[in-house]
Every structure is written in structure tokens, then in C-alpha cells.
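Enquirer: One structure follows; several queries about it will come next.
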Amino acid sequence: MKIVPKKIASKKIASTTFVTVLAAAAALAVGAGVAHAEIKKVRIGTEGAYPPFNSVDTTGQLVGFDIDIAKALCEKMKVECTFVAQDWDGIIPALLAKKYDAIVASMSITDERKEKVDFTIPYYLTPGNFIAPKDTPITDISPEAMKGKVIGAQSSTTGAVYLEDKYKGSEIKLYPTQDEANADLAAGRLDAVLADKFVLYEWLEKTDDGKCCKFVGPDLADVNPDGTGIAVRKDDTELREMFNKAIKEIEADGTYQKINAKYFPFPIN
């Protein structure tokens, strides 16, 4: 039997190992390509009760700023998107349960939510604001001045967290939807409501019930300091980056600005 010299054997082993590594790397590259190609359909969860960002029209269709932005992003990503309406309180649990793949529902980026989901870059920024009846005596919205006042907000929102954290001397009432909080304000059952400025602007300016009320106090930037993003499951890194790229693209080519102008007479990003 012919004996292979040790040095030659060592080279042969090294060569075989190198080929194996190359093959493994190639397989990973192919696998990554396949994974990207597989993202052809994306299911998007939204609330459907937060006009003008997301609501249901008279024909039962989801409409609003969030919906138009999501459709524009899907077009850029070249994926087919479908929409799923979900109550706000269960919107993150339903994402984690894989009822849909992403949340486009004016969700503020917070540290608490980042423990459960990943977020894209912000696609809009909004301060918080108080509204109150037009004949309100409220001029000072500090926690000290609002002691004893009954203040409403939508549950599980940054506004609700803000009130519970800073307005401990007030009576805080939380509602399943923003519309319900606004309705109680119009009915005289609340002294004030705290919510995102642009949502309140829509109600004040474009509804009959909203004629009762007005903004009070300055913008509160610290209600939503990190802006609003799209939420995805923590292991869906590729989908998150696809959304990030598409957000930048619709801002660069003017698509975002056209959608913005459809709903607001001022920029919101």
C-alpha cells in the first residue's frame, strides 16, 4: 500500500476543509436568497378605529393614512398585502400569534413594546395634546393644575401611560377606542382628553361632535418621543429591513408627501 507523506496529507485535508467551507457558504447564500424570495405576501394588522389614520368606511373597507402608507410600502417592496382589523388591546398578542406579519396602526415606539416586538424607523412623529370643552376654565395643564379633573384616554396607548404616570392626582378614565373617549368628552362626562395631536385635530375639525371642544395647553412632545413605527416579530429582521428601505423610498420620491397632503394641511414626519 502506498503511504502518502504527512505534508501532502495535511494539504489534502486542508483542501477538503476549504471546499466544505465554500460549499456551506454557498448553501447559506442560496438559502438567504430563497428566504428573500419567499416574502411575497404580507398580512398587515391595523385597528380600524383611529381616524384619520385607520378606520372602516361605509362599505366596510379599511381606509386612512396608515392604510395608504402601508399600500405604498407594499408596492415598493413588490409584495401582495392584505389587511386584518384587530382591537387595539389585542393587537400585539395577535401579531405574536401570527395572525398577521406586521402592525401598521399608528403604534408609538416605546421601550415597553420593544421588549415584545421590533420596530421600523419612524414613519411619522406626533406630539400629545389635551382637548377640553370650549368653555373650559382649564388653561394650565400641569399635573398640579389638573388635580381632581376627570381625564380620558384610549387604553394601552402612550397617552394612557403618560396620564397614569404623571397625573396621579387626576381621575383617569380609559376607553377601548379613541372615539369613545371623545364621545364622553362631548357628552360632558370628562374634563379633558389626552391623545395624539393629529387624531384630535381630525375630530375637532371634521366632525360635528368635535365642535364642542378645543386644544388646551402646548404640545407634549414627551408623550411620543420616539415617533410611530411599524411593528414586526423579533425574528422577522428581513421584513423589518424591507419596510425600512421602502419608508425611505416613499419619502424620497414624493409618495409620502402626497399621502400626507391627502389627510393633513401640514407635514407630520
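Letters for chains follow the order of the C-alpha cells (A, B, ...), residue numbers begin at 1 for each chain, and ligand numbers begin at 1 in the order shown.
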Name the residues in contact with region 146-156 of chain A at a cut-off of 9 Å, using only C-alpha atoms, excluding same-chain residues fewer than 3 positions from it; report them as a PyMOL selection string.
Expert: chain A and resi 88-89+138+140-143+159-161+163+167-182+184-185+189-195
Enquirer: Please identify the alpha helix (DSSP H) residues within region 117-253 of chain A (assignment by DSSP from backbone atoms) and present them as JSON, numbers by chain.
Expert: {"A": [158, 159, 160, 161, 162, 163, 164, 165, 166, 178, 179, 180, 181, 182, 183, 184, 185, 186, 197, 198, 199, 200, 201, 202, 203, 204, 205, 206, 237, 238, 239, 240, 241, 242, 243, 244, 245, 246, 247, 248, 249, 250, 251, 252]}
Enquirer: Okay, now the selection with C-alpha atoms, as a tab-separated table (two decimals), in the first residue's frame?
Expert:
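The resulting file, selection_33.tsv, is shown below:
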chain	number	residue	atom	x	y	z
A	158	THR	CA	-48.82	56.19	25.25
A	159	GLY	CA	-51.37	58.80	26.31
A	160	ALA	CA	-52.85	56.43	28.89
A	161	VAL	CA	-49.40	55.54	30.23
A	162	TYR	CA	-48.45	59.22	30.37
A	163	LEU	CA	-51.54	60.12	32.38
A	164	GLU	CA	-51.17	57.24	34.82
A	165	ASP	CA	-47.52	58.10	35.36
A	166	LYS	CA	-47.72	61.89	35.69
A	178	GLN	CA	-60.42	56.95	20.96
A	179	ASP	CA	-63.90	57.63	19.60
A	180	GLU	CA	-65.44	56.51	22.91
A	181	ALA	CA	-63.18	58.83	24.89
A	182	ASN	CA	-64.07	61.73	22.59
A	183	ALA	CA	-67.78	60.94	22.86
A	184	ASP	CA	-67.67	61.10	26.65
A	185	LEU	CA	-65.91	64.45	26.45
A	186	ALA	CA	-68.59	65.78	24.11
A	197	LYS	CA	-52.47	65.71	18.28
A	198	PHE	CA	-53.28	64.68	14.71
A	199	VAL	CA	-56.07	62.32	15.74
A	200	LEU	CA	-57.62	65.02	17.89
A	201	TYR	CA	-57.21	67.56	15.08
A	202	GLU	CA	-59.29	65.32	12.80
A	203	TRP	CA	-62.08	65.04	15.37
A	204	LEU	CA	-62.13	68.75	16.21
A	205	GLU	CA	-62.03	69.96	12.62
A	206	LYS	CA	-64.07	67.38	10.74
A	237	THR	CA	-35.46	41.01	10.64
A	238	GLU	CA	-35.65	40.78	6.86
A	239	LEU	CA	-39.23	42.05	6.76
A	240	ARG	CA	-38.34	44.93	9.07
A	241	GLU	CA	-35.45	45.96	6.82
A	242	MET	CA	-37.66	45.71	3.74
A	243	PHE	CA	-40.08	48.14	5.39
A	244	ASN	CA	-37.22	50.46	6.40
A	245	LYS	CA	-35.95	50.62	2.83
A	246	ALA	CA	-39.46	51.24	1.48
A	247	ILE	CA	-40.15	54.03	4.00
A	248	LYS	CA	-37.03	55.86	2.82
A	249	GLU	CA	-38.02	55.32	-0.82
A	250	ILE	CA	-41.55	56.76	-0.50
A	251	GLU	CA	-40.14	59.76	1.36
A	252	ALA	CA	-37.51	60.30	-1.36
Enquirer: Could you pull out the strand (DSSP E or B) residues of region 2-187 of chain A from DSSP and send them as a ChimeraX atom specification?
Expert: /A:41-46,49-50,54-56,62-63,80-85,102-108,118-119,124,128-133,150-154,171-175
Enquirer: Given only C-alpha atoms as the basis, pick out the residue of A:Val232, A:Ile44, A:Ala72, A:Ile67 nearest to Asp253 (chain A).
Expert: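 Closest to Asp253 (chain A), using only C-alpha atoms: A:Ala72.
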Enquirer: From the options A:Ser108, A:Phe53, A:Leu95, A:Thr59, which residue's atoms come nearest to Ile121 (chain A), counting only C-alpha atoms?
Expert: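 Distance minimum relative to Ile121 (chain A) lands on A:Ser108.
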Enquirer: Just checking: using only C-alpha atoms, which residue out of A:Lys234, A:Lys258, A:Arg113, A:Lys41 ends up closest to Cys74 (chain A)?
Expert: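 That would be A:Lys41, the residue with the smallest distance to Cys74 (chain A).
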Enquirer: Check the smallest atom-to-atom distance from each of A:Gly45, A:Pro218, A:Gly64, A:Pro52 to Asp101 (chain A) using only C-alpha atoms, then report the winner.
Expert: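 Under the stated criterion, the closest residue is A:Gly45.
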Enquirer: Which polymer residues have any atom within 8 Å of an atom of Tyr124 (chain A), counting only C-alpha atoms, with same-chain residues fewer than 5 positions away left out, as a list of chain:residue names?
Expert: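 Near Tyr124 (chain A), the qualifying residues are A:Gly227, A:Thr228, A:Gly229, A:Ile268, A:Asn269.
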Enquirer: Set the distance at 8 Å and use only C-alpha atoms: which residues neighbour Phe215 (chain A) once local chain neighbours fewer than 5 positions away are removed? I'd like the list as a list in words.
Expert: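 Near neighbours after the sequence-gap exclusion: Asn129, Phe130, Ile131 and Ala132 of chain A.
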Enquirer: Kindly indicate which residue among A:Asp57, A:Asp87, A:Asp66, A:Glu38 lies nearest to Lys262 (chain A), using only C-alpha atoms for the distances.
Expert: A:Asp66
Enquirer: Which distance in Å separates CA of Asp196 (chain A) and CA of Thr58 (chain A), to one decimal?
Expert: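 Taking CA of Asp196 (chain A) as the start and CA of Thr58 (chain A) as the end point, the length is 24.6 Å.
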